Structure formats: structure tokens, C-alpha cells
Amino acid sequence: MKYTLIDHTADFGIRVSGSDLKDLFENTAYAMFDLIIDAELSKDGKEFDISVSGYDLPDLMFNWLRELLYLFAGKEMVIKKADIVSISENRLSARITYSDYDPGRHEIKNEIKAVTYHQLKVENKSDGWETIIIFDV
Amino acid sequence: MSELKRIDDYRWEVPKTGAMHVPGRVYTSARMMKTLEKEDALRQVSNVATLPGIISASLAMPDIHWGYGFPIGGVAAFDWDNGVISPGGVGYDINCGVRLAVTSLEKKDLKPRLDELANALYQNVPSGIGSTGSIKLSIKDEKKVLEQGSRWAVRQGFGEDNDIENTEDNGCMENADPSEISGRALERGRKQLGTLGSGNHFIEVGYVEEIYDEETARRFGLYKDQVTLMIHSGSRGLGYQVCDDSLAKMTKHVRKLDFEIPDRQLSCAMIQSKEGQQYFNAMACAANYAWANRQVLMHLSRETFQRVFRIGPGSLGMNLVYDVCHNIAKKEEHVVEGKKRIVCVHRKGATRSFPPGHIALPERYRDTGQPILIPGDMGTASYVLSGTQKAMEETFGSTCHGAGRVLSRTAAKKASKGRALHRELQDMGVLVKWTGRSTLAEEMPEAYKDISQVVEVVHEAGISRKVAKLKPSVVIKG
């Protein structure tokens, strides 16, 4: 899985690629949680279905990540895996695998306060898709 | 973007070009300009100037640095009837702010109990990412916190009546309307009242190292070598969620309006629209939560001091000097080109700087101007300033808020590799306790601008006045 860190003075972001939209959105979810937490995979993964909408692809990406971030910050769900079941420009549904946050087992690496809209991009490049997202940390 | 024009030693203008309604104005110095030019922050100053209803200029304080949408260290005032309000102009940590309390203790009393005090504060004040406190609110009580702010905390026994009058806006924005707060935000706020949080938030015990203005310092209750307590925190997860909810709503809303925004993070609504009022009233709830939070944090610290020094509240004499917010939008009256106008002042990483005689100030500060609290990095110093008439005339009563970062978090971590930062700080006379794995590295002194240079600019430009300098002894970081 490929993602790179974008380093800004006050905040940071990620650049993520994917072969298609499904791959891109799954990889981006992985990248965000990889930044947040040292989450060793465990067998006690529970499953949960969500769907998210947006008025265009950047908005869909924004809403996807803020939904996942809320599940962590508000519901203490550590997301291990996100499988996109279906995706269009305005809507996606996904099955996520998570475990409950356990301070003894999960070490938080970075606090992401929020996903921002600043300079957010979702682009179709010659060799696949790419997104850039800046987080408020 | 067009070239910066130097107005004088401390003011630079970003000329009005393209879609800008007004010019930009940056308060800085030739020396600090060098770090500024590297950043995109100036483009952000110009972007803000394109928003409808902006008055006079898009302003930037000397601690300006790159933000998302609006720059951090930015000030922008919009016409109350024909201007916009923007969640991005306030920031995620709504009413992030600082409070300063004095004590009757002196530097010499601190030394023998430094370790004990640091450990006790670290244990008694919940800190760190997602930290939860001992207060678990019912939704009904949480809504009271959102409506009442500091008053709620004091009524529950977390403080004293005169703490309230020494807080900006008496620790409560009256327009708060909890019915505008989402279930998600309420849920995130329920367990976090009385917690410090992480990142740049801190509790700092220090002492008054230098006094610049004897008379004002005396009025603020400050004297040399006196032990002080400074708290920097905000509205925690509740505030982030309010901003997040509002931004998502406004990005949809702004598409229906008849102007273009250069960045979706600048999404906004006319203040007088339903969406504008909803955000303003939700933001006020988060602001009140933050004031209640800092009030509880001060109470926890006060109790800790009493235990460690084995003295009662009378002998400790921990009194609040003032509490300021530096991420907020306020309805204020200002004189613009000789005419009184009602405006919505956005301060994102900027502090109010009201002058002597201003009606919003408590009686005891009517002659001095508002106390302004400027924390520096954890090794160097913090400053107490006072508000001025010049700030009213030039910056909608605003000044800087802190040091401002110069190194990104990753760059700071790199620079700290192989170093024992806590020992370096100890050599500088600062005992530090922290929670997060990388907090100390990310927050190292070198990651920030030189606070004395920032303060020099606002002092020389006249938008606030130096009163005293505080030196840290104990720092608790999340």
C-alpha cells in the first residue's frame, strides 16, 4: 500500500494512490489509521456497514474520512480494514472491520483533530487515482 | 501573488489584486519576514480578502503561519449585516485559549517542591489524546455547560465568583444555543470536561522574571519572582466536532451563493442567513464549553497546589488574572473610517487587545487595558501584555497569540533524534512531564518562532504593550 506524508509547518497531510476508486478509498482509510495508531491486527475484528454520500468525489472523500474519524474519536472504534462494497461519484457503501479501542493494546501515534477541505484533491491520473488530504493535528 | 509593500518597520501590505475586496496587512519585522516568505500563508491572507463583506483589510499578526483556509495568526472583520461568517476562520479548536493565575508563593518556595508539584499536577490533571476526566456529564447537564460556560463550573464548586469577571466575556457567550449541537458533538463532549488534551496544550507553572511596566503589572496583580500558573486548552472533541459538522454543512450551502471561494476550507455563510446564525450559536456553545474546561483545569491545579504546599486556599492566594480566547468569532462594535459599525471579528490564532476604558473590560482593568496572555515555547518564556487604543484603530482590537511554528512536526522529530530533550529542558530550568510518544519532540523549543521577536513587533507596532515576562519551571504536556 502506497502513501506518502506531506509535511506542512502546522499540519500534515497524505498523498495516496489507488488503481481504481475502490482501491483509492480503501487505501486512504488505511493510511489515515496507520497515521493515528499502532494497531496490531487481531482476530477479534467486528464488522460494521456504513454508507456515505457527497456532491462530488472530493466531497465524498472528505465525508468518508470524517465518518471514519468520528467512529474512532466518538465511538472508540479502531478500524483495521475498510472494504468498499460499491462506489460512484456521489455515494459509497463499505464494510469495515474494527476492534474496540484499548489503551493497553493500541498506542496512539498522532492525534488527528479533523479532516480538512484545504487543498483537497481526488484526481484520475494516467496510471490510476490519487488523492491529497490535509489533516488538522 | 503581488509583491509585499513595506509600510513601515512593522507593517507590510499585500496590495489588493484580482478578486480581493480589500488589501492584506501583515504585522512583522524584516527579520521575521525571512521565515514568512517560505510559507504559503500570505496567499491565504489574500484569499481571505476575497470573502464578501470584509472590512478594511485582511490582517495577519507576527506569529502568522500556514493554516488550512485561513492562516493562523489571521484577523478578519466582516460587516454584521452584509458579511460572512466562516468556521474555517475560527478553527477546529473553538475557543482555544489561555488563562493566567497568580499565587502568593515565590520562586524560592517552588524549588524544594518542584518534583512533587510536577508529579502531582501530571497525576491530577487528565491529559493526552482522547483523555477523559472524572466529570461524566448527563446530556442535560452538558447542555447547561454549553449555555453557561464558566458560570456552570463555578456553580458546581470548580472555582470562585471573581474567576468569572476575570474571564473574557465573563466566560459565556450569551447566544449559545445547544439545540444547534449534533448528537455526535454532545457525545464527544460528555467525558472530556476538565481534560487538557494533547499537542500544544499545556499547564505551566512559572514565575515572573521581568516587569516592563510597573504600574500595569501591579494592577494585574503581578510582581517579580511571584509564582504563576498558565493553562492552555480549548473545547476538546466537542469543538472539533462542531467545526466539522458546520464545515460540511457550509460547503454545500456556499455553492448556492453568488460568489466563488478560492478554497473549500473557506466555506462560509452570510452572518444573517439561517446557516450563518446556526454556526454562530453552535460556535458559542463550544466556546462556553472551553471556558468551563479551563475553569475546571484551574480548579484541579489549585487543589494540587494546596496539597503539595500543604496550605489552604487563603495562603495560596491563587487568583485569576485573566482568561483569553484565541480561536473565535465575535460580534463587536468598531469605528471604521469615523463611523461606528457592528462587525463579526474572526480571530484565528489571534487575541483580543481591548484598550483602557473599553466597556467589555472588568472594573479593575478599565484603566490599564485588557490583560493579554502570550505563551511561548516550553523552554523560553511567556508574556503578559495589555490592550491598546491603537489595536482598536488598526486591528479590530487584536494582537498576536503565541510563538507560531517554524518547523513541521516531522522536521522537529528529525531534529530531536538522539537528543534527550527533557534533560536539555532541565538544564534550562524547566521540568517537563508529558504523555504522548512524540509530544515532546514535536513541541521542542526550536519548533517555534522566537516569542520575544513576536512580542517585540506587536509592542513596537503599538497594538499591545509589554507588561511582564514569565519564565517556566514546570510544564505538563498532553
# chains A, B, ... in the order shown; residues from 1 in each chain; ligands from 1
call {"tool": "residues_around", "arguments": {"residues": "Tyr30 in chain A", "least_positions_apart": "2", "cutoff": "9 Å", "atoms": "only C-alpha atoms", "output": "PyMOL selection string"}}
result
chain A and resi 1+25-28+32-35+79-82
call {"tool": "write_last_selection", "arguments": {"atoms": "all heavy atoms", "output": "tab-separated table (two decimals), in the first residue's frame"}}
result
chain	number	residue	atom	x	y	z
A	1	MET	N	0.85	-1.20	0.00
A	1	MET	CA	0.00	0.00	0.00
A	1	MET	C	0.88	1.24	0.00
A	1	MET	O	1.80	1.36	0.79
A	1	MET	CB	-0.88	-0.02	1.25
A	1	MET	CG	-2.28	0.50	1.04
A	1	MET	SD	-2.35	2.19	0.49
A	1	MET	CE	-1.55	3.04	1.84
A	25	PHE	N	-10.07	4.63	-2.18
A	25	PHE	CA	-10.79	4.94	-0.94
A	25	PHE	C	-10.39	3.96	0.17
A	25	PHE	O	-10.27	4.36	1.33
A	25	PHE	CB	-12.31	4.93	-1.19
A	25	PHE	CG	-12.82	6.26	-1.70
A	25	PHE	CD1	-12.50	6.70	-2.97
A	25	PHE	CD2	-13.62	7.08	-0.90
A	25	PHE	CE1	-12.95	7.92	-3.44
A	25	PHE	CE2	-14.07	8.31	-1.36
A	25	PHE	CZ	-13.73	8.74	-2.64
A	26	GLU	N	-10.15	2.71	-0.19
A	26	GLU	CA	-9.70	1.73	0.82
A	26	GLU	C	-8.31	2.10	1.33
A	26	GLU	O	-8.04	2.08	2.53
A	26	GLU	CB	-9.69	0.32	0.21
A	26	GLU	CG	-11.08	-0.26	0.03
A	26	GLU	CD	-11.08	-1.61	-0.71
A	26	GLU	OE1	-10.02	-2.05	-1.18
A	26	GLU	OE2	-12.18	-2.21	-0.80
A	27	ASN	N	-7.42	2.44	0.39
A	27	ASN	CA	-6.05	2.80	0.78
A	27	ASN	C	-6.01	4.05	1.65
A	27	ASN	O	-5.18	4.16	2.55
A	27	ASN	CB	-5.20	3.04	-0.47
A	27	ASN	CG	-4.92	1.75	-1.23
A	27	ASN	OD1	-5.17	0.66	-0.71
A	27	ASN	ND2	-4.41	1.88	-2.45
A	28	THR	N	-6.88	5.00	1.35
A	28	THR	CA	-6.88	6.24	2.11
A	28	THR	C	-7.33	5.98	3.55
A	28	THR	O	-6.78	6.55	4.50
A	28	THR	CB	-7.77	7.29	1.42
A	28	THR	OG1	-7.41	7.34	0.05
A	28	THR	CG2	-7.58	8.65	2.05
A	32	MET	N	-4.96	6.75	6.83
A	32	MET	CA	-5.34	7.60	7.96
A	32	MET	C	-5.17	6.86	9.28
A	32	MET	O	-4.61	7.40	10.24
A	32	MET	CB	-6.77	8.11	7.80
A	32	MET	CG	-7.16	9.09	8.90
A	32	MET	SD	-8.74	9.90	8.60
A	32	MET	CE	-9.88	8.60	9.05
A	33	PHE	N	-5.62	5.61	9.33
A	33	PHE	CA	-5.49	4.86	10.58
A	33	PHE	C	-4.05	4.45	10.87
A	33	PHE	O	-3.66	4.31	12.03
A	33	PHE	CB	-6.47	3.69	10.63
A	33	PHE	CG	-7.81	4.16	11.09
A	33	PHE	CD1	-8.77	4.58	10.18
A	33	PHE	CD2	-8.09	4.27	12.44
A	33	PHE	CE1	-9.99	5.08	10.61
A	33	PHE	CE2	-9.30	4.77	12.89
A	33	PHE	CZ	-10.26	5.17	11.97
A	34	ASP	N	-3.26	4.29	9.82
A	34	ASP	CA	-1.85	3.99	10.02
A	34	ASP	C	-1.14	5.17	10.69
A	34	ASP	O	-0.22	5.01	11.47
A	34	ASP	CB	-1.20	3.67	8.67
A	34	ASP	CG	0.17	3.05	8.85
A	34	ASP	OD1	0.30	2.12	9.68
A	34	ASP	OD2	1.12	3.50	8.19
A	35	LEU	N	-1.61	6.39	10.38
A	35	LEU	CA	-1.05	7.58	11.00
A	35	LEU	C	-1.49	7.71	12.44
A	35	LEU	O	-0.74	8.14	13.30
A	35	LEU	CB	-1.54	8.84	10.26
A	35	LEU	CG	-0.83	9.23	8.99
A	35	LEU	CD1	-1.47	10.49	8.43
A	35	LEU	CD2	0.64	9.50	9.28
A	79	ILE	N	-10.24	1.11	13.42
A	79	ILE	CA	-10.58	0.48	12.15
A	79	ILE	C	-9.38	-0.23	11.55
A	79	ILE	O	-8.31	0.34	11.37
A	79	ILE	CB	-11.19	1.52	11.21
A	79	ILE	CG1	-12.58	1.87	11.80
A	79	ILE	CG2	-11.34	0.98	9.78
A	79	ILE	CD1	-13.15	3.13	11.37
A	80	LYS	N	-9.57	-1.52	11.29
A	80	LYS	CA	-8.48	-2.37	10.78
A	80	LYS	C	-8.53	-2.46	9.27
A	80	LYS	O	-7.52	-2.63	8.63
A	80	LYS	CB	-8.63	-3.80	11.32
A	80	LYS	CG	-8.90	-3.89	12.79
A	80	LYS	CD	-7.60	-3.90	13.51
A	80	LYS	CE	-7.79	-4.32	14.96
A	80	LYS	NZ	-6.59	-4.12	15.70
A	81	LYS	N	-9.74	-2.46	8.74
A	81	LYS	CA	-9.87	-2.74	7.32
A	81	LYS	C	-11.17	-2.09	6.85
A	81	LYS	O	-12.15	-2.06	7.58
A	81	LYS	CB	-9.97	-4.26	7.13
A	81	LYS	CG	-9.61	-4.75	5.75
A	81	LYS	CD	-9.02	-6.16	5.81
A	81	LYS	CE	-10.07	-7.23	5.94
A	81	LYS	NZ	-10.75	-7.78	4.85
A	82	ALA	N	-11.12	-1.53	5.66
A	82	ALA	CA	-12.35	-0.97	5.09
A	82	ALA	C	-12.50	-1.53	3.68
A	82	ALA	O	-11.63	-1.33	2.84
A	82	ALA	CB	-12.26	0.55	5.05
call {"tool": "interface_residues", "arguments": {"of": "chain A", "to": "chain B", "cutoff": "12 Å", "atoms": "only C-alpha atoms", "output": "short mmCIF file (atom, residue, chain, number, x, y, z; two decimals) with N, CA, C and O atoms, in the first residue's frame"}}
result
data_model
loop_
_atom_site.label_atom_id
_atom_site.label_comp_id
_atom_site.auth_asym_id
_atom_site.auth_seq_id
_atom_site.Cartn_x
_atom_site.Cartn_y
_atom_site.Cartn_z
N LEU A 5 3.71 10.99 3.18
CA LEU A 5 3.35 12.06 4.10
C LEU A 5 3.68 13.41 3.46
O LEU A 5 4.74 13.57 2.87
N ILE A 6 2.77 14.34 3.57
CA ILE A 6 3.05 15.71 3.11
C ILE A 6 3.29 16.52 4.37
O ILE A 6 2.48 16.51 5.29
N ASP A 7 4.41 17.21 4.39
CA ASP A 7 4.82 17.86 5.61
C ASP A 7 4.58 19.36 5.56
O ASP A 7 5.23 20.06 4.80
N HIS A 8 3.64 19.86 6.33
CA HIS A 8 3.41 21.29 6.40
C HIS A 8 3.82 21.80 7.77
O HIS A 8 3.87 21.03 8.72
N THR A 9 4.05 23.09 7.87
CA THR A 9 4.54 23.63 9.14
C THR A 9 3.61 23.31 10.30
O THR A 9 4.03 22.83 11.33
N ALA A 10 2.33 23.58 10.11
CA ALA A 10 1.43 23.46 11.25
C ALA A 10 0.62 22.18 11.24
O ALA A 10 0.09 21.77 12.25
N ASP A 11 0.50 21.57 10.11
CA ASP A 11 -0.36 20.41 10.00
C ASP A 11 0.30 19.40 9.09
O ASP A 11 1.33 19.66 8.52
N PHE A 12 -0.35 18.25 8.93
CA PHE A 12 0.21 17.38 7.92
C PHE A 12 -0.86 16.68 7.09
O PHE A 12 -2.03 16.65 7.44
N GLY A 13 -0.40 16.13 5.97
CA GLY A 13 -1.36 15.53 5.07
C GLY A 13 -0.79 14.27 4.45
O GLY A 13 0.35 13.87 4.75
N ILE A 36 -2.74 7.35 12.70
CA ILE A 36 -3.31 7.56 14.03
C ILE A 36 -2.75 6.58 15.05
O ILE A 36 -2.42 6.94 16.18
N ILE A 37 -2.68 5.33 14.66
CA ILE A 37 -2.49 4.31 15.69
C ILE A 37 -1.55 3.18 15.28
O ILE A 37 -1.43 2.86 14.10
N ASP A 38 -0.88 2.61 16.26
CA ASP A 38 -0.13 1.37 16.06
C ASP A 38 -1.10 0.25 16.34
O ASP A 38 -1.29 -0.16 17.47
N SER A 53 -22.29 9.77 1.50
CA SER A 53 -22.55 10.43 0.22
C SER A 53 -21.79 11.75 0.13
O SER A 53 -21.26 12.25 1.13
N GLY A 54 -21.72 12.29 -1.08
CA GLY A 54 -21.02 13.56 -1.31
C GLY A 54 -21.48 14.14 -2.62
O GLY A 54 -22.00 13.41 -3.47
N TYR A 55 -21.27 15.45 -2.82
CA TYR A 55 -21.78 16.03 -4.07
C TYR A 55 -20.79 15.90 -5.22
O TYR A 55 -21.12 16.14 -6.37
N ASP A 56 -19.53 15.57 -4.91
CA ASP A 56 -18.57 15.20 -5.96
C ASP A 56 -17.50 14.33 -5.31
O ASP A 56 -17.60 14.03 -4.11
N PRO A 58 -14.25 14.85 -4.36
CA PRO A 58 -13.57 15.39 -3.18
C PRO A 58 -14.50 15.41 -1.96
O PRO A 58 -14.07 15.10 -0.85
N ASP A 59 -15.75 15.78 -2.17
CA ASP A 59 -16.70 15.83 -1.06
C ASP A 59 -16.95 14.42 -0.51
O ASP A 59 -17.09 14.23 0.70
N LEU A 60 -17.01 13.44 -1.40
CA LEU A 60 -17.20 12.05 -0.97
C LEU A 60 -16.00 11.58 -0.14
O LEU A 60 -16.16 10.93 0.90
N MET A 61 -14.80 11.94 -0.60
CA MET A 61 -13.59 11.56 0.15
C MET A 61 -13.59 12.23 1.53
O MET A 61 -13.31 11.59 2.55
N PHE A 62 -13.93 13.52 1.55
CA PHE A 62 -13.99 14.29 2.80
C PHE A 62 -14.97 13.62 3.77
O PHE A 62 -14.64 13.34 4.93
N ASN A 63 -16.16 13.31 3.27
CA ASN A 63 -17.18 12.72 4.14
C ASN A 63 -16.82 11.29 4.58
O ASN A 63 -17.14 10.88 5.69
N TRP A 64 -16.16 10.55 3.71
CA TRP A 64 -15.71 9.19 4.03
C TRP A 64 -14.73 9.21 5.21
O TRP A 64 -14.90 8.52 6.20
N LEU A 65 -13.73 10.10 5.09
CA LEU A 65 -12.71 10.14 6.14
C LEU A 65 -13.25 10.73 7.44
O LEU A 65 -12.91 10.27 8.53
N ARG A 66 -14.11 11.75 7.33
CA ARG A 66 -14.62 12.33 8.58
C ARG A 66 -15.55 11.35 9.27
O ARG A 66 -15.62 11.31 10.50
N GLU A 67 -16.24 10.50 8.50
CA GLU A 67 -17.08 9.47 9.10
C GLU A 67 -16.21 8.45 9.86
O GLU A 67 -16.49 8.11 11.01
N LEU A 69 -13.16 8.91 10.97
CA LEU A 69 -12.51 9.57 12.10
C LEU A 69 -13.49 9.70 13.27
O LEU A 69 -13.12 9.51 14.43
N TYR A 70 -14.74 9.98 12.95
CA TYR A 70 -15.74 10.07 14.01
C TYR A 70 -15.90 8.72 14.71
O TYR A 70 -16.02 8.64 15.93
N LEU A 71 -15.92 7.63 13.93
CA LEU A 71 -16.07 6.30 14.53
C LEU A 71 -14.95 6.03 15.53
O LEU A 71 -15.15 5.40 16.56
N PHE A 72 -13.76 6.56 15.22
CA PHE A 72 -12.65 6.40 16.15
C PHE A 72 -12.79 7.36 17.34
O PHE A 72 -12.80 6.93 18.50
N ALA A 73 -12.92 8.66 17.04
CA ALA A 73 -12.90 9.66 18.11
C ALA A 73 -14.16 9.61 18.97
O ALA A 73 -14.11 9.81 20.18
N GLY A 74 -15.29 9.35 18.34
CA GLY A 74 -16.55 9.38 19.08
C GLY A 74 -16.97 8.01 19.59
O GLY A 74 -17.53 7.89 20.67
N LYS A 75 -16.69 6.97 18.83
CA LYS A 75 -17.17 5.62 19.20
C LYS A 75 -16.04 4.69 19.64
O LYS A 75 -16.29 3.51 19.92
N GLU A 76 -14.81 5.23 19.63
CA GLU A 76 -13.63 4.45 20.04
C GLU A 76 -13.48 3.14 19.26
O GLU A 76 -13.18 2.09 19.83
N TYR A 101 -11.32 0.27 20.95
CA TYR A 101 -10.08 0.90 21.39
C TYR A 101 -9.72 0.42 22.80
O TYR A 101 -10.55 0.42 23.71
N ASP A 102 -8.47 0.00 22.94
CA ASP A 102 -8.00 -0.47 24.23
C ASP A 102 -6.65 0.21 24.49
O ASP A 102 -5.65 -0.12 23.83
N PRO A 103 -6.61 1.17 25.42
CA PRO A 103 -5.38 1.94 25.63
C PRO A 103 -4.19 1.06 25.96
O PRO A 103 -3.04 1.42 25.68
N GLU A 107 -1.44 1.94 20.72
CA GLU A 107 -0.77 3.19 21.04
C GLU A 107 -1.09 4.25 19.99
O GLU A 107 -0.90 4.00 18.80
N ILE A 108 -1.58 5.39 20.48
CA ILE A 108 -1.91 6.46 19.54
C ILE A 108 -0.63 7.18 19.13
O ILE A 108 0.13 7.63 19.98
N LYS A 109 -0.40 7.27 17.83
CA LYS A 109 0.82 7.91 17.33
C LYS A 109 0.60 9.40 17.08
O LYS A 109 1.43 10.23 17.39
N ASN A 110 -0.51 9.71 16.47
CA ASN A 110 -0.81 11.11 16.14
C ASN A 110 -2.28 11.37 16.41
O ASN A 110 -3.11 10.55 16.07
N GLU A 111 -2.56 12.53 17.00
CA GLU A 111 -3.95 12.89 17.13
C GLU A 111 -4.36 13.66 15.88
O GLU A 111 -3.76 14.67 15.54
N ILE A 112 -5.34 13.13 15.16
CA ILE A 112 -5.90 13.89 14.05
C ILE A 112 -7.19 14.51 14.57
O ILE A 112 -8.12 13.80 14.93
N LYS A 113 -7.21 15.83 14.64
CA LYS A 113 -8.41 16.50 15.15
C LYS A 113 -9.50 16.45 14.10
O LYS A 113 -10.65 16.29 14.42
N ALA A 114 -9.10 16.65 12.85
CA ALA A 114 -10.12 16.72 11.81
C ALA A 114 -9.51 16.52 10.43
O ALA A 114 -8.31 16.73 10.23
N VAL A 115 -10.37 16.15 9.49
CA VAL A 115 -10.02 16.09 8.08
C VAL A 115 -10.37 17.47 7.53
O VAL A 115 -11.46 17.95 7.79
N THR A 116 -9.46 18.11 6.82
CA THR A 116 -9.81 19.43 6.31
C THR A 116 -10.11 19.37 4.81
O THR A 116 -9.75 18.40 4.13
N TYR A 117 -10.73 20.42 4.35
CA TYR A 117 -11.05 20.56 2.94
C TYR A 117 -9.94 21.30 2.21
O TYR A 117 -9.98 21.47 1.00
N HIS A 118 -8.93 21.74 2.98
CA HIS A 118 -7.90 22.59 2.42
C HIS A 118 -7.10 21.84 1.34
O HIS A 118 -6.49 20.82 1.63
N GLN A 119 -7.10 22.37 0.14
CA GLN A 119 -6.34 21.81 -0.99
C GLN A 119 -6.67 20.34 -1.28
O GLN A 119 -5.87 19.62 -1.85
N LEU A 120 -7.84 19.90 -0.88
CA LEU A 120 -8.22 18.50 -1.08
C LEU A 120 -8.40 18.20 -2.56
O LEU A 120 -9.04 18.96 -3.29
N LYS A 121 -7.80 17.10 -2.99
CA LYS A 121 -7.88 16.72 -4.41
C LYS A 121 -8.16 15.23 -4.54
O LYS A 121 -7.64 14.42 -3.77
N ILE A 133 -4.90 14.88 0.97
CA ILE A 133 -5.73 15.33 2.08
C ILE A 133 -4.85 15.92 3.18
O ILE A 133 -3.82 15.36 3.53
N ILE A 134 -5.27 17.07 3.68
CA ILE A 134 -4.55 17.71 4.80
C ILE A 134 -5.37 17.51 6.08
O ILE A 134 -6.58 17.75 6.09
N PHE A 135 -4.70 17.07 7.12
CA PHE A 135 -5.38 16.88 8.41
C PHE A 135 -5.05 18.03 9.35
O PHE A 135 -3.97 18.61 9.28
N ASP A 136 -5.97 18.30 10.25
CA ASP A 136 -5.66 19.22 11.33
C ASP A 136 -5.19 18.37 12.50
O ASP A 136 -5.94 17.51 12.96
N VAL A 137 -3.97 18.59 12.92
CA VAL A 137 -3.45 17.77 14.03
C VAL A 137 -3.11 18.65 15.23
O VAL A 137 -3.02 19.85 15.09
#
